[in-house]
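The structure file input_34.cif is reproduced below (mmCIF, N, CA and C atoms).
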```
data_query
loop_
_atom_site.label_atom_id
_atom_site.label_comp_id
_atom_site.auth_asym_id
_atom_site.auth_seq_id
_atom_site.Cartn_x
_atom_site.Cartn_y
_atom_site.Cartn_z
N MET A 17 0.85 -1.17 0.00
CA MET A 17 0.00 0.00 0.00
C MET A 17 0.90 1.23 0.00
N ILE A 18 0.45 2.27 -0.69
CA ILE A 18 1.23 3.51 -0.78
C ILE A 18 1.48 4.06 0.63
N GLN A 19 2.64 4.59 0.86
CA GLN A 19 3.05 5.07 2.18
C GLN A 19 2.75 6.55 2.36
N GLU A 20 2.50 6.95 3.60
CA GLU A 20 2.35 8.37 3.92
C GLU A 20 3.66 9.08 3.60
N GLY A 21 3.55 10.29 3.08
CA GLY A 21 4.72 11.08 2.72
C GLY A 21 5.17 10.88 1.29
N LYS A 22 4.61 9.91 0.59
CA LYS A 22 4.95 9.65 -0.81
C LYS A 22 3.99 10.40 -1.72
N PRO A 23 4.42 10.72 -2.95
CA PRO A 23 3.49 11.33 -3.90
C PRO A 23 2.33 10.38 -4.19
N ALA A 24 1.15 10.94 -4.28
CA ALA A 24 -0.03 10.13 -4.61
C ALA A 24 0.08 9.69 -6.06
N PRO A 25 -0.11 8.40 -6.35
CA PRO A 25 -0.07 7.96 -7.74
C PRO A 25 -1.14 8.66 -8.58
N ALA A 26 -0.72 9.12 -9.74
CA ALA A 26 -1.64 9.82 -10.64
C ALA A 26 -2.68 8.86 -11.18
N PHE A 27 -3.83 9.42 -11.53
CA PHE A 27 -4.84 8.62 -12.22
C PHE A 27 -5.68 9.52 -13.10
N ALA A 28 -6.28 8.90 -14.10
CA ALA A 28 -7.26 9.54 -14.98
C ALA A 28 -8.33 8.48 -15.20
N LEU A 29 -9.50 8.66 -14.58
CA LEU A 29 -10.55 7.66 -14.62
C LEU A 29 -11.87 8.30 -15.01
N GLU A 30 -12.72 7.51 -15.63
CA GLU A 30 -14.03 7.99 -16.05
C GLU A 30 -14.97 8.04 -14.86
N HIS A 31 -15.72 9.15 -14.76
CA HIS A 31 -16.67 9.24 -13.65
C HIS A 31 -18.08 9.02 -14.17
N ALA A 32 -19.04 9.08 -13.25
CA ALA A 32 -20.42 8.73 -13.56
C ALA A 32 -20.99 9.54 -14.71
N GLY A 33 -20.53 10.77 -14.91
CA GLY A 33 -21.01 11.60 -16.00
C GLY A 33 -20.40 11.24 -17.35
N GLY A 34 -19.44 10.31 -17.35
CA GLY A 34 -18.82 9.86 -18.58
C GLY A 34 -17.52 10.57 -18.94
N GLU A 35 -17.18 11.64 -18.23
CA GLU A 35 -15.94 12.35 -18.50
C GLU A 35 -14.83 11.76 -17.64
N LYS A 36 -13.58 12.01 -18.08
CA LYS A 36 -12.44 11.56 -17.27
C LYS A 36 -12.04 12.66 -16.31
N ILE A 37 -11.67 12.24 -15.11
CA ILE A 37 -11.08 13.17 -14.15
C ILE A 37 -9.70 12.65 -13.80
N LYS A 38 -8.81 13.59 -13.50
CA LYS A 38 -7.44 13.24 -13.12
C LYS A 38 -7.19 13.76 -11.71
N LEU A 39 -6.38 13.05 -10.97
CA LEU A 39 -6.01 13.53 -9.65
C LEU A 39 -5.39 14.92 -9.76
N SER A 40 -4.62 15.16 -10.81
CA SER A 40 -3.97 16.46 -10.98
C SER A 40 -4.98 17.59 -11.18
N ASP A 41 -6.23 17.27 -11.57
CA ASP A 41 -7.27 18.29 -11.68
C ASP A 41 -7.51 19.00 -10.34
N PHE A 42 -7.16 18.34 -9.26
CA PHE A 42 -7.47 18.85 -7.93
C PHE A 42 -6.26 19.45 -7.23
N ARG A 43 -5.14 19.62 -7.94
CA ARG A 43 -3.96 20.24 -7.32
C ARG A 43 -4.35 21.58 -6.75
N GLY A 44 -3.82 21.90 -5.61
CA GLY A 44 -4.15 23.14 -4.94
C GLY A 44 -5.28 22.99 -3.93
N ARG A 45 -5.92 21.82 -3.93
CA ARG A 45 -6.97 21.51 -2.95
C ARG A 45 -6.63 20.16 -2.33
N PRO A 46 -6.96 19.98 -1.07
CA PRO A 46 -6.77 18.64 -0.51
C PRO A 46 -7.76 17.68 -1.16
N ALA A 47 -7.40 16.43 -1.19
CA ALA A 47 -8.27 15.40 -1.77
C ALA A 47 -8.34 14.22 -0.81
N VAL A 48 -9.47 13.57 -0.81
CA VAL A 48 -9.67 12.33 -0.06
C VAL A 48 -10.05 11.29 -1.10
N THR A 49 -9.13 10.42 -1.44
CA THR A 49 -9.40 9.38 -2.43
C THR A 49 -9.64 8.09 -1.67
N TYR A 50 -10.78 7.48 -1.94
CA TYR A 50 -11.07 6.23 -1.24
C TYR A 50 -11.41 5.16 -2.25
N PHE A 51 -11.09 3.95 -1.87
CA PHE A 51 -11.33 2.77 -2.70
C PHE A 51 -12.33 1.90 -1.97
N TYR A 52 -13.30 1.39 -2.73
CA TYR A 52 -14.33 0.56 -2.13
C TYR A 52 -14.71 -0.53 -3.13
N PRO A 53 -15.25 -1.65 -2.65
CA PRO A 53 -15.46 -2.80 -3.53
C PRO A 53 -16.52 -2.61 -4.60
N GLU A 54 -17.65 -2.00 -4.26
CA GLU A 54 -18.72 -1.84 -5.24
C GLU A 54 -19.73 -0.82 -4.76
N ASP A 55 -20.49 -0.28 -5.71
CA ASP A 55 -21.53 0.67 -5.34
C ASP A 55 -22.56 -0.03 -4.46
N ASP A 56 -23.20 0.75 -3.63
CA ASP A 56 -24.16 0.30 -2.64
C ASP A 56 -23.50 -0.29 -1.41
N ALA A 57 -22.17 -0.33 -1.40
CA ALA A 57 -21.48 -0.77 -0.19
C ALA A 57 -21.54 0.37 0.82
N PRO A 58 -21.60 0.09 2.11
CA PRO A 58 -21.66 1.17 3.09
C PRO A 58 -20.33 1.89 3.18
N GLY A 59 -20.32 3.00 3.85
CA GLY A 59 -19.06 3.69 4.12
C GLY A 59 -18.87 4.93 3.28
N ARG A 60 -19.89 5.72 3.12
CA ARG A 60 -19.79 6.90 2.27
C ARG A 60 -19.41 8.14 3.06
N LEU A 61 -18.36 8.76 2.67
CA LEU A 61 -17.95 10.02 3.29
C LEU A 61 -18.69 11.14 2.59
N ALA A 62 -19.61 11.78 3.30
CA ALA A 62 -20.49 12.74 2.65
C ALA A 62 -20.14 14.19 2.95
N LYS A 63 -19.36 14.42 4.00
CA LYS A 63 -19.08 15.83 4.30
C LYS A 63 -17.58 16.05 4.42
N SER A 64 -17.12 17.02 3.65
CA SER A 64 -15.70 17.34 3.68
C SER A 64 -15.48 18.60 2.88
N GLY A 65 -14.51 19.37 3.25
CA GLY A 65 -14.14 20.54 2.47
C GLY A 65 -13.23 20.17 1.32
N ALA A 66 -12.82 18.93 1.24
CA ALA A 66 -11.91 18.45 0.19
C ALA A 66 -12.71 17.86 -0.96
N VAL A 67 -12.05 17.72 -2.07
CA VAL A 67 -12.63 17.00 -3.19
C VAL A 67 -12.53 15.52 -2.84
N VAL A 68 -13.55 14.74 -3.19
CA VAL A 68 -13.60 13.35 -2.74
C VAL A 68 -13.93 12.42 -3.91
N PRO A 69 -12.91 11.94 -4.64
CA PRO A 69 -13.21 10.92 -5.65
C PRO A 69 -13.23 9.53 -5.00
N GLY A 70 -14.28 8.79 -5.28
CA GLY A 70 -14.41 7.41 -4.81
C GLY A 70 -14.14 6.48 -5.97
N VAL A 71 -13.27 5.50 -5.80
CA VAL A 71 -12.81 4.63 -6.87
C VAL A 71 -13.31 3.21 -6.65
N SER A 72 -13.96 2.64 -7.66
CA SER A 72 -14.33 1.23 -7.62
C SER A 72 -14.28 0.67 -9.04
N PRO A 73 -14.35 -0.65 -9.18
CA PRO A 73 -14.34 -1.26 -10.50
C PRO A 73 -15.67 -1.11 -11.26
N ASP A 74 -16.73 -0.67 -10.58
CA ASP A 74 -18.03 -0.52 -11.25
C ASP A 74 -17.94 0.48 -12.38
N GLY A 75 -18.79 0.30 -13.39
CA GLY A 75 -18.81 1.17 -14.55
C GLY A 75 -19.53 2.48 -14.29
N PRO A 76 -19.34 3.46 -15.19
CA PRO A 76 -19.94 4.78 -15.01
C PRO A 76 -21.46 4.75 -14.90
N GLU A 77 -22.12 3.88 -15.64
CA GLU A 77 -23.58 3.84 -15.58
C GLU A 77 -24.07 3.33 -14.23
N VAL A 78 -23.36 2.40 -13.63
CA VAL A 78 -23.71 1.91 -12.29
C VAL A 78 -23.48 3.02 -11.27
N HIS A 79 -22.33 3.71 -11.42
CA HIS A 79 -22.04 4.84 -10.53
C HIS A 79 -23.13 5.91 -10.61
N GLN A 80 -23.58 6.20 -11.83
CA GLN A 80 -24.59 7.25 -12.00
C GLN A 80 -25.86 6.90 -11.23
N GLY A 81 -26.29 5.65 -11.31
CA GLY A 81 -27.47 5.22 -10.57
C GLY A 81 -27.28 5.36 -9.07
N PHE A 82 -26.11 4.99 -8.59
CA PHE A 82 -25.78 5.08 -7.17
C PHE A 82 -25.77 6.55 -6.74
N GLN A 83 -25.13 7.40 -7.53
CA GLN A 83 -25.07 8.83 -7.19
C GLN A 83 -26.46 9.45 -7.17
N ASP A 84 -27.26 9.15 -8.18
CA ASP A 84 -28.60 9.73 -8.27
C ASP A 84 -29.48 9.26 -7.12
N ARG A 85 -29.49 7.97 -6.86
CA ARG A 85 -30.36 7.41 -5.83
C ARG A 85 -30.01 7.92 -4.44
N ASP A 86 -28.71 7.98 -4.12
CA ASP A 86 -28.28 8.36 -2.78
C ASP A 86 -27.90 9.83 -2.66
N LYS A 87 -28.07 10.58 -3.76
CA LYS A 87 -27.77 12.02 -3.78
C LYS A 87 -26.37 12.31 -3.22
N LEU A 88 -25.40 11.56 -3.73
CA LEU A 88 -24.02 11.71 -3.27
C LEU A 88 -23.47 13.05 -3.70
N LYS A 89 -22.66 13.65 -2.84
CA LYS A 89 -22.09 14.95 -3.11
C LYS A 89 -20.61 14.85 -3.47
N PHE A 90 -20.20 13.72 -3.98
CA PHE A 90 -18.82 13.55 -4.42
C PHE A 90 -18.81 12.69 -5.67
N THR A 91 -17.67 12.62 -6.30
CA THR A 91 -17.51 11.97 -7.60
C THR A 91 -17.11 10.52 -7.45
N LEU A 92 -17.77 9.66 -8.18
CA LEU A 92 -17.40 8.25 -8.25
C LEU A 92 -16.72 8.02 -9.59
N VAL A 93 -15.58 7.35 -9.56
CA VAL A 93 -14.84 7.08 -10.79
C VAL A 93 -14.63 5.59 -10.96
N SER A 94 -14.54 5.16 -12.22
CA SER A 94 -14.44 3.74 -12.57
C SER A 94 -13.01 3.34 -12.82
N ASP A 95 -12.62 2.25 -12.21
CA ASP A 95 -11.29 1.65 -12.39
C ASP A 95 -11.50 0.19 -12.78
N PRO A 96 -12.08 -0.06 -13.99
CA PRO A 96 -12.49 -1.42 -14.35
C PRO A 96 -11.35 -2.43 -14.43
N ASP A 97 -10.16 -1.98 -14.79
CA ASP A 97 -9.04 -2.93 -14.87
C ASP A 97 -8.22 -2.95 -13.57
N LYS A 98 -8.65 -2.17 -12.58
CA LYS A 98 -8.05 -2.11 -11.24
C LYS A 98 -6.61 -1.63 -11.25
N ALA A 99 -6.19 -0.94 -12.31
CA ALA A 99 -4.80 -0.47 -12.43
C ALA A 99 -4.49 0.60 -11.38
N VAL A 100 -5.41 1.52 -11.16
CA VAL A 100 -5.17 2.56 -10.15
C VAL A 100 -5.19 1.94 -8.76
N ALA A 101 -6.14 1.04 -8.52
CA ALA A 101 -6.19 0.35 -7.22
C ALA A 101 -4.88 -0.39 -6.96
N ALA A 102 -4.30 -0.98 -8.00
CA ALA A 102 -3.02 -1.67 -7.83
C ALA A 102 -1.91 -0.69 -7.46
N LYS A 103 -1.90 0.51 -8.07
CA LYS A 103 -0.89 1.52 -7.74
C LYS A 103 -0.98 1.94 -6.28
N TYR A 104 -2.19 2.02 -5.77
CA TYR A 104 -2.39 2.43 -4.38
C TYR A 104 -2.31 1.24 -3.41
N GLY A 105 -2.24 0.03 -3.95
CA GLY A 105 -2.14 -1.16 -3.10
C GLY A 105 -3.45 -1.59 -2.49
N THR A 106 -4.56 -1.24 -3.14
CA THR A 106 -5.87 -1.58 -2.59
C THR A 106 -6.54 -2.74 -3.30
N TRP A 107 -5.97 -3.23 -4.38
CA TRP A 107 -6.49 -4.43 -5.06
C TRP A 107 -5.52 -5.53 -4.67
N ALA A 108 -5.95 -6.38 -3.77
CA ALA A 108 -5.02 -7.36 -3.20
C ALA A 108 -5.75 -8.60 -2.73
N GLU A 109 -4.94 -9.59 -2.42
CA GLU A 109 -5.48 -10.83 -1.89
C GLU A 109 -5.79 -10.67 -0.41
N MET A 110 -6.92 -11.24 0.00
CA MET A 110 -7.28 -11.23 1.41
C MET A 110 -8.14 -12.45 1.71
N VAL A 111 -8.42 -12.65 2.96
CA VAL A 111 -9.24 -13.78 3.37
C VAL A 111 -10.62 -13.24 3.73
N MET A 112 -11.64 -13.79 3.06
CA MET A 112 -13.03 -13.43 3.37
C MET A 112 -13.80 -14.72 3.62
N TYR A 113 -14.40 -14.80 4.79
CA TYR A 113 -15.19 -15.98 5.15
C TYR A 113 -14.39 -17.28 4.98
N GLY A 114 -13.11 -17.21 5.35
CA GLY A 114 -12.25 -18.38 5.32
C GLY A 114 -11.67 -18.72 3.96
N LYS A 115 -11.97 -17.93 2.93
CA LYS A 115 -11.44 -18.20 1.59
C LYS A 115 -10.52 -17.06 1.15
N ARG A 116 -9.47 -17.41 0.41
CA ARG A 116 -8.58 -16.41 -0.16
C ARG A 116 -9.21 -15.87 -1.44
N VAL A 117 -9.36 -14.56 -1.49
CA VAL A 117 -9.93 -13.90 -2.67
C VAL A 117 -9.10 -12.66 -2.99
N THR A 118 -9.15 -12.23 -4.23
CA THR A 118 -8.56 -10.96 -4.62
C THR A 118 -9.71 -9.98 -4.75
N SER A 119 -9.60 -8.88 -4.05
CA SER A 119 -10.70 -7.93 -4.00
C SER A 119 -10.18 -6.54 -3.66
N MET A 120 -11.07 -5.57 -3.72
CA MET A 120 -10.75 -4.20 -3.34
C MET A 120 -10.72 -4.12 -1.82
N ILE A 121 -9.65 -3.57 -1.30
CA ILE A 121 -9.53 -3.35 0.13
C ILE A 121 -10.02 -1.93 0.39
N ARG A 122 -11.10 -1.80 1.14
CA ARG A 122 -11.67 -0.48 1.42
C ARG A 122 -10.61 0.35 2.15
N SER A 123 -10.12 1.39 1.50
CA SER A 123 -9.03 2.21 2.03
C SER A 123 -9.26 3.67 1.67
N THR A 124 -8.74 4.56 2.49
CA THR A 124 -8.86 5.99 2.26
C THR A 124 -7.48 6.63 2.32
N PHE A 125 -7.24 7.57 1.41
CA PHE A 125 -5.98 8.29 1.34
C PHE A 125 -6.28 9.78 1.41
N VAL A 126 -5.71 10.47 2.40
CA VAL A 126 -5.85 11.91 2.50
C VAL A 126 -4.62 12.50 1.81
N ILE A 127 -4.87 13.28 0.76
CA ILE A 127 -3.80 13.78 -0.10
C ILE A 127 -3.72 15.30 0.05
N HIS A 128 -2.54 15.77 0.38
CA HIS A 128 -2.29 17.20 0.55
C HIS A 128 -2.49 17.91 -0.79
N ALA A 129 -2.74 19.19 -0.74
CA ALA A 129 -2.96 19.99 -1.95
C ALA A 129 -1.79 19.91 -2.93
N ARG A 130 -0.59 19.58 -2.44
CA ARG A 130 0.58 19.44 -3.32
C ARG A 130 0.72 18.03 -3.88
N GLY A 131 -0.26 17.15 -3.60
CA GLY A 131 -0.24 15.81 -4.18
C GLY A 131 0.49 14.76 -3.38
N VAL A 132 0.79 15.04 -2.12
CA VAL A 132 1.50 14.09 -1.27
C VAL A 132 0.50 13.42 -0.34
N VAL A 133 0.61 12.10 -0.21
CA VAL A 133 -0.26 11.35 0.69
C VAL A 133 0.14 11.68 2.12
N ARG A 134 -0.82 12.20 2.89
CA ARG A 134 -0.54 12.58 4.28
C ARG A 134 -1.10 11.59 5.29
N ARG A 135 -2.19 10.91 4.96
CA ARG A 135 -2.74 9.89 5.86
C ARG A 135 -3.26 8.74 5.03
N VAL A 136 -3.02 7.55 5.52
CA VAL A 136 -3.52 6.33 4.90
C VAL A 136 -4.37 5.61 5.94
N PHE A 137 -5.58 5.27 5.55
CA PHE A 137 -6.47 4.48 6.39
C PHE A 137 -6.72 3.16 5.67
N PRO A 138 -5.93 2.13 5.97
CA PRO A 138 -6.13 0.84 5.31
C PRO A 138 -7.25 0.05 6.00
N ARG A 139 -7.91 -0.77 5.24
CA ARG A 139 -8.95 -1.66 5.77
C ARG A 139 -9.96 -0.89 6.63
N VAL A 140 -10.57 0.09 6.02
CA VAL A 140 -11.48 1.01 6.69
C VAL A 140 -12.70 0.29 7.25
N ARG A 141 -13.06 0.67 8.45
CA ARG A 141 -14.33 0.31 9.06
C ARG A 141 -15.20 1.55 8.97
N VAL A 142 -16.44 1.38 8.62
CA VAL A 142 -17.32 2.50 8.32
C VAL A 142 -17.59 3.37 9.54
N ASP A 143 -17.94 2.78 10.65
CA ASP A 143 -18.33 3.56 11.83
C ASP A 143 -17.18 4.45 12.30
N GLY A 144 -17.45 5.75 12.36
CA GLY A 144 -16.48 6.71 12.85
C GLY A 144 -15.43 7.14 11.84
N HIS A 145 -15.45 6.55 10.64
CA HIS A 145 -14.40 6.85 9.68
C HIS A 145 -14.47 8.28 9.16
N ALA A 146 -15.66 8.78 8.91
CA ALA A 146 -15.78 10.15 8.40
C ALA A 146 -15.12 11.13 9.37
N GLU A 147 -15.30 10.92 10.65
CA GLU A 147 -14.70 11.80 11.65
C GLU A 147 -13.17 11.70 11.62
N GLN A 148 -12.64 10.49 11.42
CA GLN A 148 -11.19 10.32 11.32
C GLN A 148 -10.64 11.10 10.13
N VAL A 149 -11.33 11.01 8.99
CA VAL A 149 -10.88 11.69 7.78
C VAL A 149 -10.98 13.20 7.96
N LEU A 150 -12.05 13.68 8.55
CA LEU A 150 -12.19 15.11 8.80
C LEU A 150 -11.09 15.62 9.72
N ALA A 151 -10.71 14.84 10.71
CA ALA A 151 -9.61 15.23 11.62
C ALA A 151 -8.29 15.26 10.84
N ALA A 152 -8.08 14.31 9.95
CA ALA A 152 -6.85 14.28 9.14
C ALA A 152 -6.80 15.50 8.21
N LEU A 153 -7.94 15.87 7.64
CA LEU A 153 -7.99 17.07 6.78
C LEU A 153 -7.68 18.32 7.60
N ALA A 154 -8.22 18.42 8.79
CA ALA A 154 -7.98 19.57 9.64
C ALA A 154 -6.50 19.69 10.00
N ALA A 155 -5.84 18.54 10.16
CA ALA A 155 -4.42 18.53 10.51
C ALA A 155 -3.53 19.00 9.36
N LEU A 156 -4.08 19.00 8.13
CA LEU A 156 -3.28 19.47 6.99
C LEU A 156 -2.98 20.95 7.10
N GLY A 157 -3.84 21.67 7.82
CA GLY A 157 -3.64 23.10 8.04
C GLY A 157 -4.12 23.99 6.97
#
```
For this file, write the structure as structure tokens.
Amino acid sequence: MIQEGKPAPAFALEHAGGEKIKLSDFRGRPAVTYFYPEDDAPGRLAKSGAVVPGVSPDGPEVHQGFQDRDKLKFTLVSDPDKAVAAKYGTWAEMVMYGKRVTSMIRSTFVIHARGVVRRVFPRVRVDGHAEQVLAALAALG
């Protein structure tokens, strides 16, 4: 998994509206990039002063339905080949229900406005996570 203090790996991924967004589009603003297994999974960070791209393997049309239904206030982007997830170390082997599977590891990365990863939250648990991320953003200054 990408380490704190390292440059955030660049990405250009299609979002629910069909356009591509790049991490570099958000330079000058803090970003909270999170990886999650699929739409409709719990754990949505809904309030933040940062830009918040959520990355999953789901396609843009699935994301659009999820965004519309839940009135999400952040951007969902598609990583169908899991290349960006691999760069961040979130597409990996793990044990689920006693079986080894390769899947998305729900993780959050707080990225400084200069593009440096300042906090990594691996294997995120939903309860209380938004507050942890908000505290990490506040610590950026």
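Residues matched by the PyMOL selection byres (((chain A and resi 83 and name CA) around 12) and name CA) in this file: His31, Ala32, Gly33, Asp55, Asp56, Arg60, Ala62, Gly70, Pro76, Glu77, Val78, His79, Gln80, Gly81, Phe82, Asp84, Arg85, Asp86, Lys87, Leu88, Lys89, Phe90, Thr91, Leu92 and Val93 of chain A.
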| said: With the PyMOL selection byres (((chain A and resi 38-47 and name CA) around 6) and name CA) as the selection, what would be picked from this file? Answer as a list in words, please. | reply: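 On this input, the PyMOL selection byres (((chain A and resi 38-47 and name CA) around 6) and name CA) captures Ala26, Phe27, Ala28, Ile37, Val48, Ala66, Val67, Val68, Ile127, His128 and Ala129 of chain A.
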Would you mind exporting N, CA and C atoms of the selected residues as a short mmCIF file (atom, residue, chain, number, x, y, z; two decimals), in the frame of the given file?
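Heads up, here's the output in out-v2.cif:
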```
data_model
loop_
_atom_site.label_atom_id
_atom_site.label_comp_id
_atom_site.auth_asym_id
_atom_site.auth_seq_id
_atom_site.Cartn_x
_atom_site.Cartn_y
_atom_site.Cartn_z
N ALA A 26 -0.72 9.12 -9.74
CA ALA A 26 -1.64 9.82 -10.64
C ALA A 26 -2.68 8.86 -11.18
N PHE A 27 -3.83 9.42 -11.53
CA PHE A 27 -4.84 8.62 -12.22
C PHE A 27 -5.68 9.52 -13.10
N ALA A 28 -6.28 8.90 -14.10
CA ALA A 28 -7.26 9.54 -14.98
C ALA A 28 -8.33 8.48 -15.20
N ILE A 37 -11.67 12.24 -15.11
CA ILE A 37 -11.08 13.17 -14.15
C ILE A 37 -9.70 12.65 -13.80
N VAL A 48 -9.47 13.57 -0.81
CA VAL A 48 -9.67 12.33 -0.06
C VAL A 48 -10.05 11.29 -1.10
N ALA A 66 -12.82 18.93 1.24
CA ALA A 66 -11.91 18.45 0.19
C ALA A 66 -12.71 17.86 -0.96
N VAL A 67 -12.05 17.72 -2.07
CA VAL A 67 -12.63 17.00 -3.19
C VAL A 67 -12.53 15.52 -2.84
N VAL A 68 -13.55 14.74 -3.19
CA VAL A 68 -13.60 13.35 -2.74
C VAL A 68 -13.93 12.42 -3.91
N ILE A 127 -4.87 13.28 0.76
CA ILE A 127 -3.80 13.78 -0.10
C ILE A 127 -3.72 15.30 0.05
N HIS A 128 -2.54 15.77 0.38
CA HIS A 128 -2.29 17.20 0.55
C HIS A 128 -2.49 17.91 -0.79
N ALA A 129 -2.74 19.19 -0.74
CA ALA A 129 -2.96 19.99 -1.95
C ALA A 129 -1.79 19.91 -2.93
#
```
| Counting all atoms listed in the file, the residue of A:Val133, A:Ala102, A:Met120, A:Leu156 that sits nearest Gln19 in chain A |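 The closest residue to Gln19 in chain A is A:Val133.
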| Do you have the CA of Ser94 in chain A-atom N of Pro73 in chain A distance handy? |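 Going from CA of Ser94 in chain A over to atom N of Pro73 in chain A, I get 5.5 Å.
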| task | I need the residue set behind the PyMOL selection byres (((chain A and resi 155 and name CA) around 12) and name CA) for this file; please write it as a VMD selection string. | result | chain A and resid 46 126 to 128 134 to 135 148 to 154 156 to 157
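If you look at atom N of Asp143 in chain A and atom N of Ile121 in chain A, they are 15.9 Å away from each other.
Relative to CA of Phe125 in chain A, atom C of Lys36 in chain A is found at 19.2 Å.
With only N, CA and C atoms taken into account, the protein and nucleic acid residues at most 5 Å from Arg122 in chain A (excluding it and anything under 6 positions from it in its own chain) are Phe51, Tyr52, Arg139 and Val140 of chain A.
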| said: List the spatial neighbours of Lys103 in chain A as JSON, numbers by chain - criterion: any atom at most 7 Å away, only N, CA and C atoms, same-chain residues fewer than 4 positions off excluded. | reply: {"A": [17, 18, 25, 98, 99, 107]}
| field | helix (DSSP H, G or I) per DSSP on the backbone: members of range 73-151 of chain A, as number ranges by chain | value | A: 76-86, 99-104, 145-151
| Selected residue, from A:Thr118, A:Asp97, A:Ala24, A:Gly34, that lies nearest to Arg130 in chain A when counting only C-alpha atoms |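 The shortest atom-to-atom distance to Arg130 in chain A comes from A:Ala24.
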| field | Residues of chain A in strand (DSSP E or B), written as number ranges by chain | value | A: 23, 28-31, 36-38, 47-51, 67, 69-72, 91-94, 107-112, 115-120, 123-127, 132-137
| note | Using only C-alpha atoms, the shortest atom-to-atom distance to His145 in chain A among A:Arg116, A:Val111, A:Thr124, A:Asp95 belongs to A:Thr124
At a cut-off of 5 Å from (4.2, 12.7, -2.8) in the coordinates of the file, what residues are picked up using only N, CA and C atoms, written as a PDB file with N, CA and C atoms, in the frame of the given file?
```
ATOM      1  N   GLY A  21       3.550  10.290   3.080  1.00  0.00           N
ATOM      2  CA  GLY A  21       4.720  11.080   2.720  1.00  0.00           C
ATOM      3  C   GLY A  21       5.170  10.880   1.290  1.00  0.00           C
ATOM      4  N   LYS A  22       4.610   9.910   0.590  1.00  0.00           N
ATOM      5  CA  LYS A  22       4.950   9.650  -0.810  1.00  0.00           C
ATOM      6  C   LYS A  22       3.990  10.400  -1.720  1.00  0.00           C
ATOM      7  N   PRO A  23       4.420  10.720  -2.950  1.00  0.00           N
ATOM      8  CA  PRO A  23       3.490  11.330  -3.900  1.00  0.00           C
ATOM      9  C   PRO A  23       2.330  10.380  -4.190  1.00  0.00           C
ATOM     10  N   ALA A  24       1.150  10.940  -4.280  1.00  0.00           N
ATOM     11  CA  ALA A  24      -0.030  10.130  -4.610  1.00  0.00           C
ATOM     12  C   ALA A  24       0.080   9.690  -6.060  1.00  0.00           C
ATOM     13  N   GLY A 131      -0.260  17.150  -3.600  1.00  0.00           N
ATOM     14  CA  GLY A 131      -0.240  15.810  -4.180  1.00  0.00           C
ATOM     15  C   GLY A 131       0.490  14.760  -3.380  1.00  0.00           C
ATOM     16  N   VAL A 132       0.790  15.040  -2.120  1.00  0.00           N
ATOM     17  CA  VAL A 132       1.500  14.090  -1.270  1.00  0.00           C
ATOM     18  C   VAL A 132       0.500  13.420  -0.340  1.00  0.00           C
ATOM     19  N   VAL A 133       0.610  12.100  -0.210  1.00  0.00           N
ATOM     20  CA  VAL A 133      -0.260  11.350   0.690  1.00  0.00           C
ATOM     21  C   VAL A 133       0.140  11.680   2.120  1.00  0.00           C
TER      22      VAL A 133
END
```
